[in-house]
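Following: one structure in structure tokens, then a few remarks.
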Amino acid sequence: MVKINKFILSLAVSIIAVIASWNPSAVTANSEGDALYSLRRSLFDPDNVLQSWDPNLVNPCTWFHVTCNQDNHVTRVDLGNSNLSGHLVLDLGKLEHLQYLELYKNNIQGSIPVELGNLRSLISLDLYNNNLTGVVPHSLGKLKSLVFLRLNDNHLTGPIPRSLAGISSLKVVDVSNNDLCGTIPTSGPFEHIPLNNTIRAFFPTFHPYPRS
């Protein structure tokens with residue numbers, strides 16, 4: 001009986017130690033690392049700029065081109081002009097603390113994931129000078145902290161989503177040199193474009209919808 005009681009006591013102490021050492025932010029950081037590693041696997045990286053993105057590390061905060069806050073949450077991904085090709089992944093939408101997503105001047109193809117609309121902390125979305133196709137996702141209208149939206153010099157099609165007019169924080173919108181059509185939103189941050197100097201926006205020549 002004494003041995004059993006000692007075993008139970010030892011087990012209880014071990015469980016308490018595990019609970020005390022559990023760090024929820026570390027778990028979150030790991031999930032963010034998984035999301036970024038998913039991006040790495042989808043990209044061709046001839047210059048090995050992603051060589052430090054090791055999924056076996058505790059969190060991605062030690063990876064090059066990744067910045068974290070004091071709670072070890074990923075806040076920046078800086079991969080502009082890195083000679084990357086491939087496509088974006090849905091898992092990017094799991095980086096809920098991300099503020100800056102910089103992937104400009106690469107050779108990234110495919111569509112812009114709808115899941116980027118989950119990045120509610122995002123301030124800057126720079127995907128310009130790639131080979132992106134498809135439409136500008138309506139879900140980007142959920143990015144209420146967004147200030148800079150640069151999607152120019154891709155192969156995007158369709159209209160500018162009306163949902164973007166609801167982002168009052170937008171200061172810079174550039175969707176030029178795409179194959180967009182339709183009309184420019186005229187409400188919200190777009191109301192005074194291009195007369196309002198507080199908002200710099202650059203738009204392509206729009207092709208009107210064909211009449212039926």
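Numbering starts fresh at 1 for the residues of each chain in the structure tokens, the chains themselves are lettered A, B, ... in the order given, and ligands are numbered from 1 as they appear.
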
I need the residues in stretch 83-158 of chain A that are helix (DSSP H, G or I) according to DSSP; give them as a PDB file with N, CA and C atoms, in the first residue's frame.
ATOM      1  N   LEU A  90      -3.100  27.799 -48.373  1.00  0.00           N
ATOM      2  CA  LEU A  90      -4.243  28.162 -47.535  1.00  0.00           C
ATOM      3  C   LEU A  90      -3.833  28.383 -46.088  1.00  0.00           C
ATOM      4  N   ASP A  91      -2.782  27.680 -45.639  1.00  0.00           N
ATOM      5  CA  ASP A  91      -2.359  27.758 -44.240  1.00  0.00           C
ATOM      6  C   ASP A  91      -1.888  29.144 -43.832  1.00  0.00           C
ATOM      7  N   LEU A  92      -1.588  30.007 -44.787  1.00  0.00           N
ATOM      8  CA  LEU A  92      -1.202  31.374 -44.429  1.00  0.00           C
ATOM      9  C   LEU A  92      -2.299  32.063 -43.629  1.00  0.00           C
ATOM     10  N   GLY A  93      -3.521  31.651 -43.830  1.00  0.00           N
ATOM     11  CA  GLY A  93      -4.643  32.233 -43.103  1.00  0.00           C
ATOM     12  C   GLY A  93      -4.638  31.932 -41.620  1.00  0.00           C
ATOM     13  N   LYS A  94      -3.736  31.050 -41.171  1.00  0.00           N
ATOM     14  CA  LYS A  94      -3.642  30.705 -39.752  1.00  0.00           C
ATOM     15  C   LYS A  94      -2.724  31.651 -38.980  1.00  0.00           C
ATOM     16  N   VAL A 114      -8.339  32.681 -50.494  1.00  0.00           N
ATOM     17  CA  VAL A 114      -9.435  33.343 -49.783  1.00  0.00           C
ATOM     18  C   VAL A 114      -9.113  33.450 -48.301  1.00  0.00           C
ATOM     19  N   GLU A 115      -8.344  32.491 -47.791  1.00  0.00           N
ATOM     20  CA  GLU A 115      -8.018  32.439 -46.362  1.00  0.00           C
ATOM     21  C   GLU A 115      -7.199  33.626 -45.881  1.00  0.00           C
ATOM     22  N   LEU A 116      -6.605  34.399 -46.781  1.00  0.00           N
ATOM     23  CA  LEU A 116      -5.888  35.598 -46.344  1.00  0.00           C
ATOM     24  C   LEU A 116      -6.830  36.592 -45.681  1.00  0.00           C
ATOM     25  N   GLY A 117      -8.107  36.453 -45.917  1.00  0.00           N
ATOM     26  CA  GLY A 117      -9.088  37.296 -45.246  1.00  0.00           C
ATOM     27  C   GLY A 117      -9.181  37.043 -43.754  1.00  0.00           C
ATOM     28  N   ASN A 118      -8.540  35.971 -43.272  1.00  0.00           N
ATOM     29  CA  ASN A 118      -8.526  35.679 -41.834  1.00  0.00           C
ATOM     30  C   ASN A 118      -7.431  36.432 -41.096  1.00  0.00           C
ATOM     31  N   HIS A 138     -12.915  38.492 -52.364  1.00  0.00           N
ATOM     32  CA  HIS A 138     -13.850  39.341 -51.617  1.00  0.00           C
ATOM     33  C   HIS A 138     -13.504  39.350 -50.134  1.00  0.00           C
ATOM     34  N   SER A 139     -12.906  38.270 -49.641  1.00  0.00           N
ATOM     35  CA  SER A 139     -12.596  38.137 -48.211  1.00  0.00           C
ATOM     36  C   SER A 139     -11.580  39.159 -47.730  1.00  0.00           C
ATOM     37  N   LEU A 140     -10.813  39.773 -48.629  1.00  0.00           N
ATOM     38  CA  LEU A 140      -9.854  40.791 -48.204  1.00  0.00           C
ATOM     39  C   LEU A 140     -10.555  41.986 -47.575  1.00  0.00           C
ATOM     40  N   GLY A 141     -11.832  42.124 -47.818  1.00  0.00           N
ATOM     41  CA  GLY A 141     -12.601  43.194 -47.192  1.00  0.00           C
ATOM     42  C   GLY A 141     -12.726  43.048 -45.688  1.00  0.00           C
ATOM     43  N   LYS A 142     -12.361  41.879 -45.157  1.00  0.00           N
ATOM     44  CA  LYS A 142     -12.407  41.664 -43.709  1.00  0.00           C
ATOM     45  C   LYS A 142     -11.152  42.167 -43.007  1.00  0.00           C
TER      46      LYS A 142
END

Could the residues of stretch 48-109 of chain A that have an atom at most 12 Å from stretch 153-168 of chain A be listed as JSON lines, each with its closest atom pair and the distance in Å to one decimal, counting only C-alpha atoms and ordered by chain and ascending residue number?
{"residue": "A:Tyr104", "atom": "CA", "partner": "A:Asp153", "partner_atom": "CA", "distance": 9.8}
{"residue": "A:Lys105", "atom": "CA", "partner": "A:Asp153", "partner_atom": "CA", "distance": 9.3}
{"residue": "A:Asn106", "atom": "CA", "partner": "A:Asn154", "partner_atom": "CA", "distance": 10.6}
{"residue": "A:Asn107", "atom": "CA", "partner": "A:Asn154", "partner_atom": "CA", "distance": 9.8}
{"residue": "A:Ile108", "atom": "CA", "partner": "A:Asn154", "partner_atom": "CA", "distance": 9.6}
{"residue": "A:Gln109", "atom": "CA", "partner": "A:Asn154", "partner_atom": "CA", "distance": 9.1}

Close residues, stretch 78-89 of chain A itself excluded, 12 Å, only C-alpha atoms, min 6 positions apart in chain, as a VMD selection string: chain A and resid 34 to 50 63 to 68 95 98 to 116 124 to 133

Atom pair atom CA of A:Leu57 / atom CA of A:Asn72: separation (Å):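 Atom-to-atom, atom CA of A:Leu57 to atom CA of A:Asn72, that is 12.8 Å.
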
Strand (DSSP E) per DSSP on the backbone: members of stretch 85-155 of chain A, as a PyMOL selection string: chain A and resi 85-87+100-102+107-110+124-126+131-135+148-150+155

Just write the chosen residues, N, CA and C atoms, as a PDB file, in the first residue's frame.
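Output saved as selection10.pdb:
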ATOM      1  N   SER A  85       9.518  30.880 -56.568  1.00  0.00           N
ATOM      2  CA  SER A  85       8.404  30.534 -57.446  1.00  0.00           C
ATOM      3  C   SER A  85       7.572  29.463 -56.762  1.00  0.00           C
ATOM      4  N   GLY A  86       6.408  29.205 -57.301  1.00  0.00           N
ATOM      5  CA  GLY A  86       5.493  28.264 -56.658  1.00  0.00           C
ATOM      6  C   GLY A  86       4.152  28.929 -56.447  1.00  0.00           C
ATOM      7  N   HIS A  87       3.472  28.566 -55.370  1.00  0.00           N
ATOM      8  CA  HIS A  87       2.148  29.137 -55.119  1.00  0.00           C
ATOM      9  C   HIS A  87       1.941  29.387 -53.633  1.00  0.00           C
ATOM     10  N   TYR A 100       2.502  42.075 -41.518  1.00  0.00           N
ATOM     11  CA  TYR A 100       3.137  42.391 -42.796  1.00  0.00           C
ATOM     12  C   TYR A 100       3.425  41.102 -43.561  1.00  0.00           C
ATOM     13  N   LEU A 101       2.860  40.995 -44.749  1.00  0.00           N
ATOM     14  CA  LEU A 101       3.127  39.863 -45.631  1.00  0.00           C
ATOM     15  C   LEU A 101       3.751  40.418 -46.909  1.00  0.00           C
ATOM     16  N   GLU A 102       5.059  40.256 -47.017  1.00  0.00           N
ATOM     17  CA  GLU A 102       5.835  40.850 -48.101  1.00  0.00           C
ATOM     18  C   GLU A 102       6.368  39.743 -49.008  1.00  0.00           C
ATOM     19  N   ASN A 107       8.203  35.064 -58.427  1.00  0.00           N
ATOM     20  CA  ASN A 107       7.538  34.436 -59.571  1.00  0.00           C
ATOM     21  C   ASN A 107       6.435  33.508 -59.069  1.00  0.00           C
ATOM     22  N   ILE A 108       5.701  33.989 -58.079  1.00  0.00           N
ATOM     23  CA  ILE A 108       4.649  33.186 -57.461  1.00  0.00           C
ATOM     24  C   ILE A 108       3.432  33.157 -58.377  1.00  0.00           C
ATOM     25  N   GLN A 109       2.887  31.963 -58.550  1.00  0.00           N
ATOM     26  CA  GLN A 109       1.778  31.757 -59.473  1.00  0.00           C
ATOM     27  C   GLN A 109       0.534  31.314 -58.715  1.00  0.00           C
ATOM     28  N   GLY A 110      -0.525  31.086 -59.458  1.00  0.00           N
ATOM     29  CA  GLY A 110      -1.765  30.618 -58.849  1.00  0.00           C
ATOM     30  C   GLY A 110      -2.602  31.764 -58.315  1.00  0.00           C
ATOM     31  N   SER A 124      -0.086  45.404 -44.005  1.00  0.00           N
ATOM     32  CA  SER A 124       0.461  45.528 -45.353  1.00  0.00           C
ATOM     33  C   SER A 124       0.418  44.187 -46.069  1.00  0.00           C
ATOM     34  N   LEU A 125      -0.188  44.175 -47.256  1.00  0.00           N
ATOM     35  CA  LEU A 125      -0.223  42.988 -48.109  1.00  0.00           C
ATOM     36  C   LEU A 125       0.417  43.364 -49.437  1.00  0.00           C
ATOM     37  N   ASP A 126       1.642  42.907 -49.633  1.00  0.00           N
ATOM     38  CA  ASP A 126       2.411  43.252 -50.824  1.00  0.00           C
ATOM     39  C   ASP A 126       2.693  41.999 -51.639  1.00  0.00           C
ATOM     40  N   ASN A 131       3.177  36.457 -60.669  1.00  0.00           N
ATOM     41  CA  ASN A 131       2.383  35.928 -61.781  1.00  0.00           C
ATOM     42  C   ASN A 131       1.064  35.372 -61.267  1.00  0.00           C
ATOM     43  N   LEU A 132       0.479  36.068 -60.316  1.00  0.00           N
ATOM     44  CA  LEU A 132      -0.770  35.617 -59.714  1.00  0.00           C
ATOM     45  C   LEU A 132      -1.926  35.745 -60.703  1.00  0.00           C
ATOM     46  N   THR A 133      -2.832  34.785 -60.636  1.00  0.00           N
ATOM     47  CA  THR A 133      -3.997  34.772 -61.514  1.00  0.00           C
ATOM     48  C   THR A 133      -5.263  34.658 -60.670  1.00  0.00           C
ATOM     49  N   GLY A 134      -6.405  34.674 -61.338  1.00  0.00           N
ATOM     50  CA  GLY A 134      -7.673  34.585 -60.619  1.00  0.00           C
ATOM     51  C   GLY A 134      -8.148  35.948 -60.172  1.00  0.00           C
ATOM     52  N   VAL A 135      -9.100  35.961 -59.274  1.00  0.00           N
ATOM     53  CA  VAL A 135      -9.732  37.205 -58.840  1.00  0.00           C
ATOM     54  C   VAL A 135      -9.114  37.725 -57.552  1.00  0.00           C
ATOM     55  N   PHE A 148      -1.908  49.152 -46.506  1.00  0.00           N
ATOM     56  CA  PHE A 148      -1.248  49.051 -47.808  1.00  0.00           C
ATOM     57  C   PHE A 148      -1.691  47.770 -48.516  1.00  0.00           C
ATOM     58  N   LEU A 149      -2.254  47.926 -49.688  1.00  0.00           N
ATOM     59  CA  LEU A 149      -2.667  46.787 -50.508  1.00  0.00           C
ATOM     60  C   LEU A 149      -2.078  46.973 -51.900  1.00  0.00           C
ATOM     61  N   ARG A 150      -1.048  46.186 -52.206  1.00  0.00           N
ATOM     62  CA  ARG A 150      -0.364  46.323 -53.497  1.00  0.00           C
ATOM     63  C   ARG A 150      -0.373  44.979 -54.218  1.00  0.00           C
ATOM     64  N   HIS A 155      -1.554  38.999 -63.003  1.00  0.00           N
ATOM     65  CA  HIS A 155      -2.494  38.656 -64.080  1.00  0.00           C
ATOM     66  C   HIS A 155      -3.887  38.435 -63.491  1.00  0.00           C
TER      67      HIS A 155
END

Length of the atom CA of A:Ser121 to atom CA of A:Pro55 vector [Å]: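 Pair atom CA of A:Ser121 / atom CA of A:Pro55 returns 24.1 Å.
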
Contacts of A:Leu143 within 7 Å, only C-alpha atoms, excl. fewer than 4 positions in-chain, as a PyMOL selection string: chain A and resi 117+119-120+122

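Distance annotation: of A:Leu151, A:Val58, A:Ile123, A:Val77, the residue with the minimal separation from A:Asp179 is A:Leu151; atom set is only C-alpha atoms.
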